[in-house]
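**Q** My file is structure37.cif. It has mmCIF, C-alpha atoms:
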```cif
data_run
#
loop_
_atom_site.group_PDB
_atom_site.id
_atom_site.type_symbol
_atom_site.label_atom_id
_atom_site.label_comp_id
_atom_site.auth_asym_id
_atom_site.auth_seq_id
_atom_site.Cartn_x
_atom_site.Cartn_y
_atom_site.Cartn_z
ATOM 1 C CA MET J 13 -27.074 -12.404 -8.536
ATOM 2 C CA LYS J 14 -24.401 -10.018 -9.612
ATOM 3 C CA VAL J 15 -21.243 -11.768 -10.787
ATOM 4 C CA GLU J 16 -18.036 -9.982 -9.917
ATOM 5 C CA PRO J 17 -15.672 -9.662 -12.874
ATOM 6 C CA LYS J 18 -12.525 -11.702 -12.595
ATOM 7 C CA ARG J 19 -9.400 -9.821 -11.618
ATOM 8 C CA ARG J 20 -7.165 -9.455 -14.620
ATOM 9 C CA ALA J 21 -3.815 -11.157 -14.584
ATOM 10 C CA LEU J 22 -0.802 -8.920 -14.206
ATOM 11 C CA GLY J 23 0.482 -9.203 -17.732
ATOM 12 C CA LYS J 24 -2.937 -8.402 -19.185
ATOM 13 C CA GLY J 25 -3.071 -5.190 -17.167
ATOM 14 C CA LEU J 26 0.006 -3.709 -18.832
ATOM 15 C CA SER J 27 -1.961 -2.319 -21.782
ATOM 16 C CA SER J 28 -4.126 -0.413 -19.320
ATOM 17 C CA LEU J 29 -1.091 0.861 -17.467
ATOM 18 C CA ILE J 30 0.508 2.184 -20.633
ATOM 19 C CA PRO J 31 -2.459 2.477 -23.058
ATOM 20 C CA ASP J 32 -0.415 4.227 -25.745
ATOM 21 C CA ALA J 33 2.063 1.374 -25.998
ATOM 22 C CA PRO J 34 2.029 -0.341 -29.412
ATOM 23 C CA ALA J 35 0.937 -3.948 -29.639
ATOM 24 C CA ALA J 36 3.531 -6.567 -28.835
ATOM 25 C CA ASP J 37 3.719 -7.878 -32.409
ATOM 26 C CA ALA J 38 4.417 -4.383 -33.691
ATOM 27 C CA LEU J 39 7.265 -3.970 -31.219
ATOM 28 C CA VAL J 40 9.297 -6.922 -32.459
ATOM 29 C CA GLU J 41 11.977 -5.765 -34.852
ATOM 30 C CA SER J 42 13.210 -7.747 -37.811
ATOM 31 C CA ALA J 43 16.013 -10.085 -36.886
ATOM 32 C CA PRO J 44 19.194 -10.529 -38.928
ATOM 33 C CA VAL J 45 19.771 -13.879 -37.232
ATOM 34 C CA ALA J 46 17.062 -16.461 -36.515
ATOM 35 C CA ALA J 47 16.320 -17.096 -32.847
ATOM 36 C CA PRO J 48 13.612 -18.736 -30.717
ATOM 37 C CA GLY J 49 10.145 -17.245 -31.139
ATOM 38 C CA GLY J 50 11.135 -15.042 -34.083
ATOM 39 C CA ALA J 51 13.409 -12.874 -31.898
ATOM 40 C CA ARG J 52 16.904 -11.795 -32.869
ATOM 41 C CA GLU J 53 20.304 -12.817 -31.564
ATOM 42 C CA LEU J 54 22.286 -9.996 -29.996
ATOM 43 C CA PRO J 55 25.846 -9.879 -28.612
ATOM 44 C CA ILE J 56 25.485 -9.983 -24.843
ATOM 45 C CA ASP J 57 28.088 -7.229 -24.379
ATOM 46 C CA ARG J 58 25.852 -4.761 -26.215
ATOM 47 C CA ILE J 59 23.157 -5.120 -23.525
ATOM 48 C CA ARG J 60 23.297 -3.048 -20.359
ATOM 49 C CA PRO J 61 21.104 -3.471 -17.270
ATOM 50 C CA ASN J 62 18.132 -1.228 -16.629
ATOM 51 C CA PRO J 63 19.223 1.525 -14.187
ATOM 52 C CA ARG J 64 15.639 1.677 -12.873
ATOM 53 C CA GLN J 65 15.330 -2.042 -12.263
ATOM 54 C CA PRO J 66 13.158 -2.404 -9.122
ATOM 55 C CA ARG J 67 14.914 -5.614 -8.117
ATOM 56 C CA LYS J 68 18.145 -4.694 -6.318
ATOM 57 C CA ARG J 69 19.261 -8.065 -4.971
ATOM 58 C CA PHE J 70 19.913 -11.211 -6.986
ATOM 59 C CA ASP J 71 20.516 -14.597 -5.382
ATOM 60 C CA GLU J 72 23.890 -15.743 -6.710
ATOM 61 C CA GLU J 73 23.064 -19.392 -6.038
ATOM 62 C CA GLU J 74 19.906 -19.109 -8.152
ATOM 63 C CA ILE J 75 21.902 -17.362 -10.898
ATOM 64 C CA ALA J 76 24.438 -20.198 -10.834
ATOM 65 C CA ASP J 77 21.692 -22.829 -11.122
ATOM 66 C CA LEU J 78 20.118 -20.950 -14.015
ATOM 67 C CA ALA J 79 23.525 -20.630 -15.689
ATOM 68 C CA ALA J 80 23.980 -24.404 -15.495
ATOM 69 C CA SER J 81 20.576 -24.881 -17.148
ATOM 70 C CA ILE J 82 21.452 -22.349 -19.857
ATOM 71 C CA ARG J 83 24.676 -24.198 -20.658
ATOM 72 C CA GLN J 84 22.589 -27.294 -21.352
ATOM 73 C CA SER J 85 19.559 -25.816 -23.100
ATOM 74 C CA GLY J 86 20.352 -22.198 -23.935
ATOM 75 C CA VAL J 87 18.159 -19.181 -23.192
ATOM 76 C CA LEU J 88 14.649 -20.411 -23.993
ATOM 77 C CA GLN J 89 12.775 -17.139 -23.430
ATOM 78 C CA PRO J 90 14.059 -14.002 -25.232
ATOM 79 C CA LEU J 91 15.036 -10.981 -23.185
ATOM 80 C CA ILE J 92 13.141 -7.740 -23.781
ATOM 81 C CA VAL J 93 15.419 -4.812 -24.667
ATOM 82 C CA ARG J 94 15.186 -1.242 -25.957
ATOM 83 C CA GLU J 95 17.629 0.103 -28.530
ATOM 84 C CA GLU J 96 19.356 3.355 -27.580
ATOM 85 C CA LYS J 97 20.618 6.161 -29.825
ATOM 86 C CA ASP J 98 24.242 5.106 -29.351
ATOM 87 C CA GLY J 99 23.494 1.617 -30.681
ATOM 88 C CA SER J 100 23.528 -0.098 -27.310
ATOM 89 C CA PHE J 101 20.525 -1.890 -25.828
ATOM 90 C CA THR J 102 18.953 -1.425 -22.403
ATOM 91 C CA LEU J 103 17.490 -4.458 -20.691
ATOM 92 C CA VAL J 104 13.786 -4.071 -19.952
ATOM 93 C CA ALA J 105 12.889 -7.546 -18.675
ATOM 94 C CA GLY J 106 14.903 -10.698 -18.031
ATOM 95 C CA GLU J 107 17.881 -9.525 -15.973
ATOM 96 C CA ARG J 108 18.204 -12.889 -14.200
ATOM 97 C CA ARG J 109 18.518 -14.622 -17.574
ATOM 98 C CA TRP J 110 21.006 -11.984 -18.754
ATOM 99 C CA ARG J 111 23.178 -12.420 -15.662
ATOM 100 C CA ALA J 112 23.003 -16.213 -15.906
ATOM 101 C CA ALA J 113 23.847 -16.155 -19.627
ATOM 102 C CA ARG J 114 26.926 -14.045 -18.904
ATOM 103 C CA LYS J 115 27.923 -16.488 -16.159
ATOM 104 C CA ALA J 116 27.408 -19.389 -18.556
ATOM 105 C CA GLY J 117 29.796 -17.762 -21.031
ATOM 106 C CA LEU J 118 27.294 -17.085 -23.817
ATOM 107 C CA GLU J 119 28.364 -14.502 -26.391
ATOM 108 C CA GLN J 120 24.870 -13.952 -27.830
ATOM 109 C CA VAL J 121 21.355 -14.150 -26.431
ATOM 110 C CA PRO J 122 17.889 -14.059 -28.027
ATOM 111 C CA VAL J 123 16.116 -10.740 -27.574
ATOM 112 C CA THR J 124 12.882 -9.016 -28.495
ATOM 113 C CA VAL J 125 13.535 -5.353 -29.305
ATOM 114 C CA ARG J 126 10.764 -2.924 -28.392
ATOM 115 C CA ARG J 127 10.282 0.769 -29.008
ATOM 116 C CA LEU J 128 9.398 2.059 -25.564
ATOM 117 C CA THR J 129 9.356 5.377 -23.743
ATOM 118 C CA ASP J 130 11.078 5.647 -20.359
ATOM 119 C CA ASP J 131 7.713 5.360 -18.600
ATOM 120 C CA GLN J 132 6.704 2.304 -20.594
ATOM 121 C CA MET J 133 10.059 0.659 -19.938
ATOM 122 C CA LEU J 134 9.693 1.264 -16.220
ATOM 123 C CA ALA J 135 6.169 -0.131 -16.230
ATOM 124 C CA ILE J 136 7.198 -3.358 -17.938
ATOM 125 C CA ALA J 137 10.162 -3.819 -15.597
ATOM 126 C CA LEU J 138 7.890 -3.327 -12.592
ATOM 127 C CA VAL J 139 5.121 -5.672 -13.648
ATOM 128 C CA GLU J 140 7.571 -8.382 -14.723
ATOM 129 C CA ASN J 141 9.134 -8.381 -11.257
ATOM 130 C CA LEU J 142 5.870 -8.075 -9.366
ATOM 131 C CA GLN J 143 4.322 -10.901 -11.362
ATOM 132 C CA ARG J 144 7.032 -13.314 -10.197
ATOM 133 C CA ASP J 145 6.158 -12.371 -6.614
ATOM 134 C CA ASP J 146 9.686 -13.199 -5.409
ATOM 135 C CA LEU J 147 10.851 -9.674 -4.683
ATOM 136 C CA ALA J 148 11.858 -8.721 -1.154
ATOM 137 C CA PRO J 149 8.967 -6.980 0.648
ATOM 138 C CA LEU J 150 10.560 -3.527 0.422
ATOM 139 C CA GLU J 151 11.315 -3.980 -3.293
ATOM 140 C CA THR J 152 7.649 -4.732 -3.890
ATOM 141 C CA ALA J 153 6.614 -1.759 -1.744
ATOM 142 C CA ARG J 154 8.915 0.573 -3.645
ATOM 143 C CA GLY J 155 7.558 -0.779 -6.915
ATOM 144 C CA PHE J 156 4.010 0.019 -5.830
ATOM 145 C CA ARG J 157 5.087 3.484 -4.720
ATOM 146 C CA THR J 158 6.685 4.130 -8.105
ATOM 147 C CA LEU J 159 3.483 3.139 -9.895
ATOM 148 C CA ILE J 160 1.551 5.570 -7.707
ATOM 149 C CA ARG J 161 3.983 8.474 -7.920
ATOM 150 C CA GLU J 162 5.149 8.250 -11.507
ATOM 151 C CA PHE J 163 1.972 6.972 -13.156
ATOM 152 C CA GLY J 164 -0.519 8.756 -10.919
ATOM 153 C CA LEU J 165 -2.373 5.553 -10.019
ATOM 154 C CA THR J 166 -4.466 5.042 -6.899
ATOM 155 C CA GLN J 167 -3.907 2.070 -4.594
ATOM 156 C CA ALA J 168 -7.022 0.439 -6.050
ATOM 157 C CA GLU J 169 -5.702 0.892 -9.597
ATOM 158 C CA VAL J 170 -2.312 -0.555 -8.635
ATOM 159 C CA ALA J 171 -4.093 -3.532 -7.076
ATOM 160 C CA GLU J 172 -6.012 -4.088 -10.310
ATOM 161 C CA ARG J 173 -2.852 -3.915 -12.417
ATOM 162 C CA VAL J 174 -0.865 -6.379 -10.306
ATOM 163 C CA GLY J 175 -3.697 -8.759 -9.462
ATOM 164 C CA LYS J 176 -3.612 -8.274 -5.690
ATOM 165 C CA PRO J 177 -6.242 -7.083 -3.170
ATOM 166 C CA ARG J 178 -6.096 -3.355 -2.424
ATOM 167 C CA SER J 179 -5.478 -4.176 1.244
ATOM 168 C CA SER J 180 -2.325 -6.064 0.236
ATOM 169 C CA VAL J 181 -1.025 -3.044 -1.672
ATOM 170 C CA ALA J 182 -1.775 -0.841 1.368
ATOM 171 C CA ASN J 183 0.083 -3.253 3.678
ATOM 172 C CA PHE J 184 3.173 -3.188 1.460
ATOM 173 C CA LEU J 185 3.142 0.624 1.319
ATOM 174 C CA ARG J 186 2.969 0.810 5.126
ATOM 175 C CA LEU J 187 6.356 -0.935 5.258
ATOM 176 C CA LEU J 188 7.917 2.218 3.827
ATOM 177 C CA GLU J 189 6.915 4.068 7.018
ATOM 178 C CA LEU J 190 8.934 1.715 9.257
ATOM 179 C CA PRO J 191 12.239 2.904 10.802
ATOM 180 C CA ASP J 192 15.292 2.455 8.588
ATOM 181 C CA GLU J 193 16.740 -0.338 10.736
ATOM 182 C CA VAL J 194 13.550 -2.376 10.442
ATOM 183 C CA GLN J 195 13.462 -1.775 6.695
ATOM 184 C CA GLN J 196 17.039 -3.071 6.442
ATOM 185 C CA LEU J 197 16.040 -6.318 8.169
ATOM 186 C CA LEU J 198 13.264 -6.706 5.592
ATOM 187 C CA ASP J 199 15.610 -5.882 2.714
ATOM 188 C CA ASP J 200 18.041 -8.536 3.969
ATOM 189 C CA ARG J 201 15.099 -10.961 4.266
ATOM 190 C CA THR J 202 16.031 -11.495 7.909
ATOM 191 C CA LEU J 203 12.391 -10.628 8.591
ATOM 192 C CA GLU J 204 9.445 -11.522 6.380
ATOM 193 C CA MET J 205 6.547 -9.485 5.083
ATOM 194 C CA GLY J 206 4.372 -10.704 7.977
ATOM 195 C CA HIS J 207 6.855 -9.420 10.547
ATOM 196 C CA GLY J 208 6.956 -6.041 8.852
ATOM 197 C CA ARG J 209 3.176 -5.835 8.607
ATOM 198 C CA ALA J 210 2.881 -6.508 12.354
ATOM 199 C CA LEU J 211 5.574 -3.994 13.316
ATOM 200 C CA ALA J 212 3.959 -1.342 11.126
ATOM 201 C CA GLY J 213 1.067 -1.390 13.595
ATOM 202 C CA LEU J 214 3.222 0.214 16.303
ATOM 203 C CA GLU J 215 3.209 3.981 16.713
ATOM 204 C CA ASP J 216 6.309 3.892 18.932
ATOM 205 C CA ARG J 217 9.170 3.730 16.416
ATOM 206 C CA GLU J 218 11.792 2.920 19.060
ATOM 207 C CA LEU J 219 9.701 0.016 20.282
ATOM 208 C CA ALA J 220 9.311 -1.180 16.681
ATOM 209 C CA VAL J 221 13.100 -1.252 16.302
ATOM 210 C CA ARG J 222 13.565 -3.121 19.584
ATOM 211 C CA LEU J 223 10.943 -5.729 18.749
ATOM 212 C CA ALA J 224 12.384 -6.116 15.243
ATOM 213 C CA ARG J 225 15.822 -6.814 16.707
ATOM 214 C CA GLN J 226 14.341 -9.375 19.097
ATOM 215 C CA ALA J 227 12.323 -10.991 16.314
ATOM 216 C CA ALA J 228 15.480 -11.331 14.220
ATOM 217 C CA SER J 229 17.803 -12.570 16.979
ATOM 218 C CA SER J 230 15.268 -14.943 18.542
ATOM 219 C CA LYS J 231 13.840 -16.026 15.177
ATOM 220 C CA TRP J 232 10.297 -15.199 16.194
ATOM 221 C CA SER J 233 7.554 -16.508 13.968
ATOM 222 C CA VAL J 234 5.198 -14.013 12.370
ATOM 223 C CA ARG J 235 2.507 -15.118 14.809
ATOM 224 C CA GLU J 236 4.711 -14.489 17.835
ATOM 225 C CA THR J 237 5.665 -11.059 16.498
ATOM 226 C CA GLU J 238 1.991 -10.236 16.003
ATOM 227 C CA GLU J 239 1.295 -11.285 19.603
ATOM 228 C CA ARG J 240 4.095 -9.094 20.987
ATOM 229 C CA VAL J 241 2.773 -6.125 19.010
ATOM 230 C CA ARG J 242 -0.756 -6.848 20.218
ATOM 231 C CA ARG J 243 0.447 -6.815 23.820
ATOM 232 C CA ALA J 244 2.207 -3.497 23.307
ATOM 233 C CA ASN J 245 -0.923 -1.972 21.796
ATOM 234 C CA THR J 246 -3.330 -3.500 24.344
ATOM 235 C CA ILE J 247 -1.576 -2.425 27.530
ATOM 236 C CA GLY J 248 -2.589 1.213 27.767
ATOM 237 C CA PRO J 249 -0.958 3.931 29.837
ATOM 238 C CA VAL J 250 -1.485 3.873 33.582
ATOM 239 C CA ALA J 251 -3.867 6.643 34.673
ATOM 240 C CA PRO J 252 -2.281 9.004 37.206
ATOM 241 C CA HIS J 253 -3.866 8.891 40.648
ATOM 242 C CA GLU J 254 -5.921 11.873 41.748
ATOM 243 C CA GLY J 255 -4.010 14.681 43.363
ATOM 244 C CA ALA J 256 -0.715 13.450 42.003
ATOM 245 C CA ALA J 257 2.068 15.972 42.070
ATOM 246 C CA ALA J 258 4.152 16.860 39.036
ATOM 247 C CA ARG J 259 6.125 13.811 37.934
ATOM 248 C CA ASP J 260 9.816 13.591 38.671
ATOM 249 C CA PRO J 261 11.480 13.379 35.208
ATOM 250 C CA ASN J 262 13.930 10.787 36.548
ATOM 251 C CA VAL J 263 11.042 8.557 37.640
ATOM 252 C CA ALA J 264 9.344 9.009 34.255
ATOM 253 C CA ALA J 265 12.593 8.076 32.490
ATOM 254 C CA ALA J 266 12.956 5.006 34.705
ATOM 255 C CA GLU J 267 9.402 3.927 33.839
ATOM 256 C CA LYS J 268 10.172 4.244 30.142
ATOM 257 C CA THR J 269 13.419 2.283 30.423
ATOM 258 C CA LEU J 270 11.816 -0.541 32.421
ATOM 259 C CA SER J 271 8.837 -0.704 30.071
ATOM 260 C CA ARG J 272 11.140 -1.208 27.094
ATOM 261 C CA ALA J 273 13.319 -3.738 28.882
ATOM 262 C CA LEU J 274 10.369 -5.852 30.042
ATOM 263 C CA GLY J 275 8.105 -5.393 27.030
ATOM 264 C CA ALA J 276 5.315 -4.370 29.410
ATOM 265 C CA LYS J 277 3.825 -1.199 30.836
ATOM 266 C CA VAL J 278 5.585 -0.171 34.076
ATOM 267 C CA ALA J 279 4.339 2.461 36.539
ATOM 268 C CA ILE J 280 6.408 3.820 39.418
ATOM 269 C CA GLN J 281 4.519 5.591 42.214
ATOM 270 C CA THR J 282 6.424 7.472 44.911
ATOM 271 C CA SER J 283 5.495 9.383 48.054
ATOM 272 C CA ARG J 284 7.034 12.514 49.492
ATOM 273 C CA ALA J 285 8.806 10.308 52.017
ATOM 274 C CA GLY J 286 10.566 8.494 49.196
ATOM 275 C CA ARG J 287 8.606 5.268 49.566
ATOM 276 C CA GLY J 288 6.469 3.817 46.788
ATOM 277 C CA ARG J 289 5.743 0.882 44.556
ATOM 278 C CA ILE J 290 6.393 -0.426 41.059
ATOM 279 C CA GLU J 291 3.498 -1.823 39.009
ATOM 280 C CA ILE J 292 4.064 -4.082 36.015
ATOM 281 C CA ARG J 293 1.040 -4.729 33.844
ATOM 282 C CA PHE J 294 0.566 -7.970 31.920
ATOM 283 C CA ALA J 295 -1.889 -8.990 29.204
ATOM 284 C CA GLY J 296 -2.700 -12.525 30.374
ATOM 285 C CA ASP J 297 -1.398 -15.725 31.924
ATOM 286 C CA GLU J 298 1.237 -16.257 29.226
ATOM 287 C CA ASP J 299 2.492 -12.703 29.590
ATOM 288 C CA LEU J 300 2.656 -13.090 33.374
ATOM 289 C CA ASP J 301 4.690 -16.284 33.020
ATOM 290 C CA ARG J 302 7.030 -14.520 30.577
ATOM 291 C CA LEU J 303 7.607 -11.640 32.992
ATOM 292 C CA TYR J 304 8.068 -14.029 35.924
ATOM 293 C CA ARG J 305 10.808 -15.940 34.128
ATOM 294 C CA LEU J 306 12.433 -12.778 32.804
ATOM 295 C CA LEU J 307 12.657 -11.226 36.279
ATOM 296 C CA LEU J 308 14.020 -14.425 37.820
ATOM 297 C CA ARG J 309 16.735 -14.647 35.173
ATOM 298 C CA ALA J 310 17.614 -10.977 35.720
ATOM 299 C CA SER J 311 18.009 -11.602 39.471
ATOM 300 C CA GLY J 312 20.225 -14.621 38.898
ATOM 301 C CA SER J 313 17.672 -17.035 40.371
ATOM 302 C CA GLN J 314 17.006 -20.428 38.830
ATOM 303 C CA VAL J 315 13.959 -20.563 36.592
ATOM 304 C CA HIS J 316 11.700 -23.548 37.295
#
```
Could you take the file, read its structure, and then write that structure out as structure tokens?
**A**
Amino acid sequence: MKVEPKRRALGKGLSSLIPDAPAADALVESAPVAAPGGARELPIDRIRPNPRQPRKRFDEEEIADLAASIRQSGVLQPLIVREEKDGSFTLVAGERRWRAARKAGLEQVPVTVRRLTDDQMLAIALVENLQRDDLAPLETARGFRTLIREFGLTQAEVAERVGKPRSSVANFLRLLELPDEVQQLLDDRTLEMGHGRALAGLEDRELAVRLARQAASSKWSVRETEERVRRANTIGPVAPHEGAAARDPNVAAAEKTLSRALGAKVAIQTSRAGRGRIEIRFAGDEDLDRLYRLLLRASGSQVH
């Protein structure tokens, strides 16, 4: 029986991502002041954040909690920084600790100084954030896209580096194809990764926006969002009847408007005499009950 090799942990994949990077021990500079783990103490004002930090949002409540811990015990894990030509230092990893240390009023923090190229610095910042797995879905997706575009990796290679299935990487990347309004709801964490993954299965971008708004306002679960998307994809277009004349654009527009309002496929058939019928398609008993209640509420009737 062939034994599949174990997927490497994220941190262990960094050497493969940047194979020319020197070993960690060789990257630690001599420290004029003793600090935890053999690192050096550095004035916090000499450290500036990484402009290419993939994480764009920081929870202020979490920062405050971490600051309280730092006041009691100090910064236990050194930050990783790169020294610049002007004598300043750019933060590579540990921005939450840096922010919390500033909030706690620390004047110095322990750091590990590394000699890194721009690409290596970006790689470390990405894998450090992805390893924590607490980025917003779009932040993770953008991180994956950066690894693909700037390092020339395939989706399978990104999956290997970050310790996730390739299908998971593909699902995150699909989020970047969603309409901007849906992406904003994901960035704000109003919607979760599961909501975004379901909505990415819709070809109709306007419908994706409408369902995203409903999911956010009605606090739909991921499962309910998946079901609504499934209904939209299952109910196919109504086939025109034989010998049908050219469609009136006003009727076609009315069909489209009603379909969006009801979340169901609507067909309007008219005769030359102006008579006709409206058909509303449903996907099952639950969908029929939903439409029944929706139409009663719209008419002002009491729903039983």
**Q** If you count all atoms listed in the file, which residues fall within 9 Å of Arg58 of chain J, apart from same-chain ones fewer than 6 positions away, as a PyMOL selection string?
**A** chain J and resi 99-102
**Q** To one decimal place in Å, what is the distance between atom CA of Gln132 of chain J and atom CA of Met205 of chain J?
**A**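 Separation of atom CA of Gln132 of chain J and atom CA of Met205 of chain J: 28.3 Å.
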**Q** If we count only C-alpha atoms and set the cut-off at 10 Å, which residues sit around Ala273 of chain J, ignoring sequence neighbours fewer than 6 positions away in its own chain? Please answer as a ChimeraX atom specification.
**A** /J:222,267,306
**Q** Step by step, work through what the PyMOL selection byres ((chain J and resi 105) around 8) selects in the shown file, and finish by giving those residues as a VMD selection string.
**A** chain J and resid 91 to 93 103 to 104 106 to 107 136 to 137 140
**Q** For a cutoff of 8 Å around the file-coordinate point (4.4, -10.0, 11.5), which residues qualify once you count all atoms listed in the file? I'd like the result as a list in words.
**A** Glu204, Met205, Gly206, His207, Gly208, Arg209, Ala210, Leu211, Ser233, Val234, Arg235, Glu236, Thr237 and Glu238 of chain J
**Q** Please list as an mmCIF file with C-alpha atoms, in the coordinates of the input every residue within 9 Å of segment 74-77 of chain J, counting all atoms listed in the file and excluding residues in the same chain fewer than 2 positions away.
**A**
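So result11.cif came out as:
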```cif
data_model
loop_
_atom_site.group_PDB
_atom_site.id
_atom_site.type_symbol
_atom_site.label_atom_id
_atom_site.label_comp_id
_atom_site.auth_asym_id
_atom_site.auth_seq_id
_atom_site.Cartn_x
_atom_site.Cartn_y
_atom_site.Cartn_z
ATOM 1 C CA PHE J 70 19.913 -11.211 -6.986
ATOM 2 C CA ASP J 71 20.516 -14.597 -5.382
ATOM 3 C CA GLU J 72 23.890 -15.743 -6.710
ATOM 4 C CA ALA J 79 23.525 -20.630 -15.689
ATOM 5 C CA ALA J 80 23.980 -24.404 -15.495
ATOM 6 C CA SER J 81 20.576 -24.881 -17.148
ATOM 7 C CA ILE J 82 21.452 -22.349 -19.857
ATOM 8 C CA ARG J 108 18.204 -12.889 -14.200
ATOM 9 C CA ARG J 109 18.518 -14.622 -17.574
ATOM 10 C CA ARG J 111 23.178 -12.420 -15.662
ATOM 11 C CA ALA J 112 23.003 -16.213 -15.906
ATOM 12 C CA LYS J 115 27.923 -16.488 -16.159
ATOM 13 C CA ALA J 116 27.408 -19.389 -18.556
#
```
**Q** Tell me, in Å to one decimal, how far atom CA of Leu303 of chain J is from atom CA of Leu274 of chain J.
**A**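 Atom CA of Leu274 of chain J lies at a distance of 7.1 Å from atom CA of Leu303 of chain J.
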**Q** When the PyMOL selection byres ((chain J and resi 270) around 12) is applied to the structure above, which residues does it catch, written out as a PyMOL selection string?
**A** chain J and resi 263-269+271-280+290-293+303+307
**Q** Given the file shown, enumerate the residues that the PyMOL selection byres ((chain J and resi 203) around 10) captures and present them as a list in words.
**A**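 Applied to this file, the PyMOL selection byres ((chain J and resi 203) around 10) returns Ala148, Pro149, Val194, Gln195, Gln196, Leu197, Leu198, Asp199, Asp200, Arg201, Thr202, Glu204, Met205, Gly206, His207, Gly208, Ala224, Arg225, Ala227, Ala228, Lys231, Trp232, Ser233 and Val234 of chain J.
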**Q** With 3 Å added on each side, what axis-aligned box encloses every listed atom of segment 190-196 of chain J? Give the centre and edge lengths in Å to one decimal, as AutoDock Vina command-line options.
**A**
```
--center_x 13.0 --center_y -0.1 --center_z 8.6 --size_x 14.1 --size_y 12.0 --size_z 10.4
```
**Q** Kindly give the distance, in Å, that separates atom CA of Asp301 of chain J and atom CA of Thr282 of chain J, rounded to a single decimal.
**A**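 For atom CA of Asp301 of chain J relative to atom CA of Thr282 of chain J, the distance reads 26.6 Å.
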